[in-house]
Number of protein chains: 2
Amino acid sequence: MDTAAGTDAQKDEARQWFEALRDRFCAAFEALEDELSGEPLKLAGGRPAGRFERTAWTRDGADGPGPDGDSGGGGEGGGGAMSLMRGRVFEKVGVNVSTVYGEFSEEFRNQIPGASEDPRFWASGISLVAHMRSPKIPAVHMNTRHIVTTKSWFGGGADLTPTAPDDADTAAFHAALKAACDAHDPAYYERFKDWCDRYFFLPHRGEARGVGGIFYDRLNDGWAHTFSFTRAVGEALLEVYPAIVRRHLDEPWTEAEREHQLVRRGRYVEFNLLYDRGTKFGLMTGGNVEAILMSLPPEVRWP
Amino acid sequence: MDTAAGTDAQKDEARQWFEALRDRFCAAFEALEDELSGEPLKLAGGRPAGRFERTAWTRDGADGPGPDGDSGGGGEGGGGAMSLMRGRVFEKVGVNVSTVYGEFSEEFRNQIPGASEDPRFWASGISLVAHMRSPKIPAVHMNTRHIVTTKSWFGGGADLTPTAPDDADTAAFHAALKAACDAHDPAYYERFKDWCDRYFFLPHRGEARGVGGIFYDRLNDGWAHTFSFTRAVGEALLEVYPAIVRRHLDEPWTEAEREHQLVRRGRYVEFNLLYDRGTKFGLMTGGNVEAILMSLPPEVRWP
């Protein structure tokens, strides 16, 4: 990663992509809400189909969040929007976008590529977390972002967290991400899959958070190529996740399966609050708490 | 705090006190289970009165927990018992005792009084966390411990976490702890109340976890005096908390109040996983996960 800072045209293009992708995810997820019927609809209490509610925010000084709700650790402006749906298929799903800029505070400058020379940064991204009502349908997380200092790079990934792993879902999910990787670099998938496995792990439980996916950061194999890869990750998820949801949309579930789901969600909370760097960084640097903690499941049990 | 290491007689006396106090708490809480009737019993689904289940554990090498479930950061032995009740008044209550000994690992020696000269330690304590079914009844936490290296000291405290603060409960709780403090040192209450307020605070929310109590550590104003104070903290809680529970035992609650309770419990989880030193230290040093995370509420919502 040694490419110079991105141009304004590149920044605009990335931001517009993240916002357009957000709109496509929201539309795809609302369509799934409309499709629920039969026993699962009864189990969802006969609720009406959910719709996203969007809340825009602006970043005033150090109070605003970055792509994952973090503030970037410094002052200045920008803003974003939280889109949240509490539905009947999607028990709670958040899709956040943001574009923020400013200067990294002194304590962060030496940790960020290209920021020790000049502390100014620009960051734009999308963050998505879905917790599903049905324990048959896995939760999913995706985050992709473009960051520009005196250098420029992309980061992100997507990972799947089922209540009880389903081999067909896991295979389909990984195949979609592998295809996105392979179209850009034959080495990406193994490298980014391993990175994901190492990252989403709970050492105190000796357990993975889910069944993995990919995770990458500080990647710049040429701007156009890396942006293309980042778009491919978004497209892959937009294709494969609704397909996984539909595969299980007609399946009823038992009280015991729901209970197991709520317990497994406890592991998700443990990971995000104990280990997730974006969560901790965001909360420590005065990020938008609601945006950062939108990732927490709506209902959880530690029996 | 400059008194020399405790004698074996002192260690025995402290351990026996913690274990006896555990038995008295369990008996007092089971008695409260028996007293439930009327509308609150219906709201509790007509469940039978809860009873504690006790699970003993031994510490093999670095795998066992200390008083709060932590391992002390080093090897050797000892053990303890988790007492857990899932009842109808007490939705989930854990009372853990443990007595462990060994050597602090190199990374912890310089952080622990008296351990840089000689890494051996002995620690005994009791830890109690109660999450109540009724949103009218506050959650409570108490932990007291005796630690011996080449020095010896006591630490601990008790604090109250209501769903919606009740002035009479808060006043009664603080009055009981103040009386325990005042009987030992007129400066203790203000000092330990402030310590508690600073400790049980969520910076990212700008919120206190509850309505406070007292918190003290590394205290040795003479062994007999400090042990007497530590006993008085236990006695105070044993007196005042059942009284607070009884004050609300006949009160029914609404669905909205229950929902609010589950949301407030989210703050409790955020505190324990993001900030609580005992939790983080315990998990990082290979402590007993079940004992450490017994503090997490049985049901939680982030809507």
# chains A, B, ... in the order shown; residues from 1 in each chain; ligands from 1
call {"tool": "closest_atom_pairs", "arguments": {"of": "chain A", "to": "chain B", "cutoff": "10 Å", "atoms": "only C-alpha atoms", "output": "CSV"}}
result
residue,atom,partner,partner_atom,distance
A:Arg86,CA,B:Pro303,CA,8.4
A:Glu91,CA,B:Pro303,CA,9.3
A:Lys92,CA,B:Pro303,CA,7.7
A:Pro203,CA,B:Met284,CA,8.3
A:His204,CA,B:Leu283,CA,5.7
A:Arg205,CA,B:Val289,CA,7.3
A:Leu262,CA,B:Glu299,CA,8.7
A:Val263,CA,B:Glu299,CA,9.3
A:Gly266,CA,B:Val300,CA,9.3
A:Val269,CA,B:Val269,CA,8.6
A:Glu270,CA,B:Leu273,CA,6.8
A:Phe271,CA,B:Leu273,CA,9.2
A:Asn272,CA,B:Leu273,CA,9.1
A:Leu273,CA,B:Leu274,CA,5.5
A:Leu274,CA,B:Leu273,CA,5.5
A:Tyr275,CA,B:Leu274,CA,8.9
A:Thr279,CA,B:Leu274,CA,9.7
A:Lys280,CA,B:Leu274,CA,7.9
A:Gly282,CA,B:His204,CA,9.3
A:Leu283,CA,B:His204,CA,5.6
A:Met284,CA,B:His204,CA,7.2
A:Thr285,CA,B:His204,CA,8.9
A:Gly286,CA,B:His204,CA,6.9
A:Gly287,CA,B:His204,CA,8.3
A:Asn288,CA,B:His204,CA,8.9
A:Val289,CA,B:His204,CA,6.8
A:Glu290,CA,B:Arg205,CA,9.7
A:Leu293,CA,B:Trp302,CA,8.5
A:Met294,CA,B:Trp302,CA,8.2
A:Ser295,CA,B:Trp302,CA,9.2
A:Leu296,CA,B:Trp302,CA,6.3
A:Pro297,CA,B:Trp302,CA,6.1
A:Pro298,CA,B:Trp302,CA,4.5
A:Glu299,CA,B:Arg301,CA,4.4
A:Val300,CA,B:Val300,CA,5.1
A:Arg301,CA,B:Glu299,CA,4.4
A:Trp302,CA,B:Pro298,CA,4.5
A:Pro303,CA,B:Pro298,CA,4.7
call {"tool": "select_by_dssp", "arguments": {"residues": "range 137-284 of chain A", "states": "strand (DSSP E or B)", "output": "JSON, numbers by chain"}}
result
{"A": [139, 140, 141, 142, 143, 144, 145, 146, 147, 148, 151, 152, 153, 154, 155, 156, 157, 158, 159, 160, 161, 201, 202, 207, 208, 213, 214, 215, 216, 217, 218, 219]}
call {"tool": "write_last_selection", "arguments": {"atoms": "N, CA, C and O atoms", "output": "short mmCIF file (atom, residue, chain, number, x, y, z; two decimals), in the first residue's frame"}}
result
data_model
loop_
_atom_site.label_atom_id
_atom_site.label_comp_id
_atom_site.auth_asym_id
_atom_site.auth_seq_id
_atom_site.Cartn_x
_atom_site.Cartn_y
_atom_site.Cartn_z
N ALA A 139 -27.25 -14.49 11.03
CA ALA A 139 -26.96 -13.06 11.07
C ALA A 139 -25.82 -12.77 10.11
O ALA A 139 -25.03 -13.66 9.79
N VAL A 140 -25.75 -11.53 9.65
CA VAL A 140 -24.68 -11.18 8.73
C VAL A 140 -24.13 -9.78 9.05
O VAL A 140 -24.83 -8.94 9.61
N HIS A 141 -22.87 -9.60 8.72
CA HIS A 141 -22.19 -8.32 8.93
C HIS A 141 -21.36 -8.01 7.70
O HIS A 141 -20.71 -8.90 7.15
N MET A 142 -21.41 -6.77 7.24
CA MET A 142 -20.52 -6.31 6.18
C MET A 142 -20.12 -4.87 6.45
O MET A 142 -20.91 -4.08 6.96
N ASN A 143 -18.88 -4.57 6.17
CA ASN A 143 -18.41 -3.19 6.29
C ASN A 143 -17.35 -3.00 5.23
O ASN A 143 -16.42 -3.79 5.13
N THR A 144 -17.52 -1.99 4.39
CA THR A 144 -16.42 -1.61 3.48
C THR A 144 -16.25 -0.10 3.55
O THR A 144 -17.20 0.64 3.81
N ARG A 145 -15.01 0.32 3.39
CA ARG A 145 -14.68 1.74 3.58
C ARG A 145 -13.49 2.13 2.71
O ARG A 145 -12.68 1.29 2.33
N HIS A 146 -13.45 3.42 2.43
CA HIS A 146 -12.32 4.01 1.70
C HIS A 146 -11.75 5.10 2.58
O HIS A 146 -12.50 5.95 3.07
N ILE A 147 -10.45 5.06 2.83
CA ILE A 147 -9.82 6.04 3.71
C ILE A 147 -8.70 6.74 2.95
O ILE A 147 -7.93 6.08 2.23
N VAL A 148 -8.63 8.04 3.10
CA VAL A 148 -7.60 8.83 2.42
C VAL A 148 -6.88 9.73 3.43
O VAL A 148 -7.53 10.50 4.14
N LYS A 151 -1.90 8.93 2.11
CA LYS A 151 -2.06 7.68 1.36
C LYS A 151 -3.55 7.42 1.18
O LYS A 151 -4.38 8.16 1.70
N SER A 152 -3.87 6.35 0.49
CA SER A 152 -5.28 6.02 0.27
C SER A 152 -5.42 4.51 0.23
O SER A 152 -4.56 3.81 -0.30
N TRP A 153 -6.47 3.99 0.85
CA TRP A 153 -6.67 2.55 0.85
C TRP A 153 -8.13 2.19 1.10
O TRP A 153 -8.96 3.06 1.42
N PHE A 154 -8.43 0.89 0.92
CA PHE A 154 -9.76 0.35 1.21
C PHE A 154 -9.63 -0.73 2.29
O PHE A 154 -8.58 -1.34 2.47
N GLY A 155 -10.73 -0.95 3.00
CA GLY A 155 -10.77 -2.01 3.99
C GLY A 155 -12.19 -2.50 4.13
O GLY A 155 -13.13 -1.85 3.66
N GLY A 156 -12.35 -3.65 4.76
CA GLY A 156 -13.70 -4.14 5.00
C GLY A 156 -13.78 -5.64 5.06
O GLY A 156 -12.81 -6.32 5.39
N GLY A 157 -14.97 -6.14 4.72
CA GLY A 157 -15.17 -7.58 4.76
C GLY A 157 -16.62 -7.90 5.03
O GLY A 157 -17.46 -7.00 5.21
N ALA A 158 -16.90 -9.20 5.03
CA ALA A 158 -18.25 -9.67 5.31
C ALA A 158 -18.13 -11.02 5.99
O ALA A 158 -17.25 -11.82 5.64
N ASP A 159 -18.99 -11.27 6.97
CA ASP A 159 -18.94 -12.56 7.66
C ASP A 159 -20.33 -12.96 8.11
O ASP A 159 -21.20 -12.12 8.31
N LEU A 160 -20.51 -14.27 8.26
CA LEU A 160 -21.82 -14.87 8.53
C LEU A 160 -21.83 -15.51 9.91
O LEU A 160 -20.88 -16.19 10.30
N THR A 161 -22.92 -15.31 10.67
CA THR A 161 -23.02 -15.84 12.02
C THR A 161 -24.33 -16.59 12.21
O THR A 161 -25.33 -16.02 12.64
N PHE A 201 -12.83 -14.07 16.50
CA PHE A 201 -12.57 -15.20 17.39
C PHE A 201 -12.66 -14.72 18.83
O PHE A 201 -12.20 -13.64 19.16
N LEU A 202 -13.30 -15.53 19.69
CA LEU A 202 -13.44 -15.19 21.10
C LEU A 202 -12.45 -16.04 21.90
O LEU A 202 -12.75 -17.20 22.21
N GLU A 207 -13.75 -19.98 20.78
CA GLU A 207 -14.77 -20.17 19.75
C GLU A 207 -14.67 -19.09 18.67
O GLU A 207 -14.40 -17.93 18.98
N ALA A 208 -14.97 -19.45 17.43
CA ALA A 208 -15.17 -18.45 16.38
C ALA A 208 -16.52 -17.78 16.60
O ALA A 208 -17.44 -18.39 17.15
N GLY A 213 -15.79 -15.61 6.69
CA GLY A 213 -16.03 -14.80 5.51
C GLY A 213 -14.69 -14.25 5.09
O GLY A 213 -13.71 -15.00 5.08
N ILE A 214 -14.63 -12.96 4.80
CA ILE A 214 -13.34 -12.33 4.50
C ILE A 214 -13.20 -11.02 5.27
O ILE A 214 -14.19 -10.42 5.68
N PHE A 215 -11.97 -10.62 5.48
CA PHE A 215 -11.65 -9.37 6.18
C PHE A 215 -10.37 -8.85 5.56
O PHE A 215 -9.42 -9.60 5.40
N TYR A 216 -10.36 -7.57 5.19
CA TYR A 216 -9.13 -6.98 4.62
C TYR A 216 -9.02 -5.54 5.10
O TYR A 216 -10.00 -4.93 5.49
N ASP A 217 -7.80 -5.02 5.11
CA ASP A 217 -7.61 -3.64 5.55
C ASP A 217 -6.33 -3.10 4.92
O ASP A 217 -5.44 -3.86 4.54
N ARG A 218 -6.27 -1.78 4.83
CA ARG A 218 -5.09 -1.09 4.31
C ARG A 218 -4.67 -1.66 2.96
O ARG A 218 -3.48 -1.86 2.69
N LEU A 219 -5.67 -1.95 2.14
CA LEU A 219 -5.42 -2.55 0.84
C LEU A 219 -5.44 -1.48 -0.25
O LEU A 219 -6.40 -0.72 -0.35
#
call {"tool": "closest_residue", "arguments": {"among": "B:Gly78, B:Gly206, B:Gly234, B:Gly278", "to": "Ile292 in chain B", "atoms": "only C-alpha atoms"}}
result
B:Gly278
call {"tool": "decode", "arguments": {"residues": "range 99-153 of chain A", "atoms": "C-alpha atoms", "output": "CSV table (one decimal), in the first residue's frame"}}
result
chain,number,residue,atom,x,y,z
A,99,THR,CA,-18.4,10.4,4.9
A,100,VAL,CA,-16.3,12.3,7.4
A,101,TYR,CA,-13.1,14.3,7.3
A,102,GLY,CA,-10.9,16.2,9.6
A,103,GLU,CA,-7.6,15.7,11.4
A,104,PHE,CA,-6.5,12.7,13.4
A,105,SER,CA,-5.6,13.7,17.0
A,106,GLU,CA,-2.0,13.3,18.0
A,107,GLU,CA,-2.5,10.0,19.7
A,108,PHE,CA,-3.8,8.3,16.5
A,109,ARG,CA,-1.4,9.9,14.0
A,110,ASN,CA,1.3,7.4,14.3
A,111,GLN,CA,-1.0,4.4,14.1
A,112,ILE,CA,-2.6,5.5,10.7
A,113,PRO,CA,-0.7,5.1,7.4
A,114,GLY,CA,0.3,8.5,6.0
A,115,ALA,CA,-1.0,10.5,8.9
A,116,SER,CA,2.2,11.2,10.7
A,117,GLU,CA,3.3,13.5,7.9
A,118,ASP,CA,-0.1,15.3,7.7
A,119,PRO,CA,-2.9,14.5,10.1
A,120,ARG,CA,-5.8,15.3,7.7
A,121,PHE,CA,-8.1,12.4,6.7
A,122,TRP,CA,-11.2,11.7,4.7
A,123,ALA,CA,-13.2,8.5,5.2
A,124,SER,CA,-16.3,7.1,3.7
A,125,GLY,CA,-18.0,3.7,4.1
A,126,ILE,CA,-20.9,1.5,4.6
A,127,SER,CA,-21.6,-0.8,7.6
A,128,LEU,CA,-24.4,-3.4,7.7
A,129,VAL,CA,-25.5,-5.7,10.6
A,130,ALA,CA,-28.6,-7.9,10.3
A,131,HIS,CA,-30.0,-9.9,13.2
A,132,MET,CA,-32.8,-12.2,12.0
A,133,ARG,CA,-36.0,-13.3,13.7
A,134,SER,CA,-35.7,-16.9,12.6
A,135,PRO,CA,-33.0,-18.9,14.2
A,136,LYS,CA,-32.8,-20.8,10.9
A,137,ILE,CA,-31.4,-17.6,9.1
A,138,PRO,CA,-27.9,-16.6,9.9
A,139,ALA,CA,-27.0,-13.1,11.1
A,140,VAL,CA,-24.7,-11.2,8.7
A,141,HIS,CA,-22.2,-8.3,8.9
A,142,MET,CA,-20.5,-6.3,6.2
A,143,ASN,CA,-18.4,-3.2,6.3
A,144,THR,CA,-16.4,-1.6,3.5
A,145,ARG,CA,-14.7,1.7,3.6
A,146,HIS,CA,-12.3,4.0,1.7
A,147,ILE,CA,-9.8,6.0,3.7
A,148,VAL,CA,-7.6,8.8,2.4
A,149,THR,CA,-4.7,10.5,4.3
A,150,THR,CA,-1.5,11.3,2.4
A,151,LYS,CA,-2.1,7.7,1.4
A,152,SER,CA,-5.3,6.0,0.3
A,153,TRP,CA,-6.7,2.5,0.9
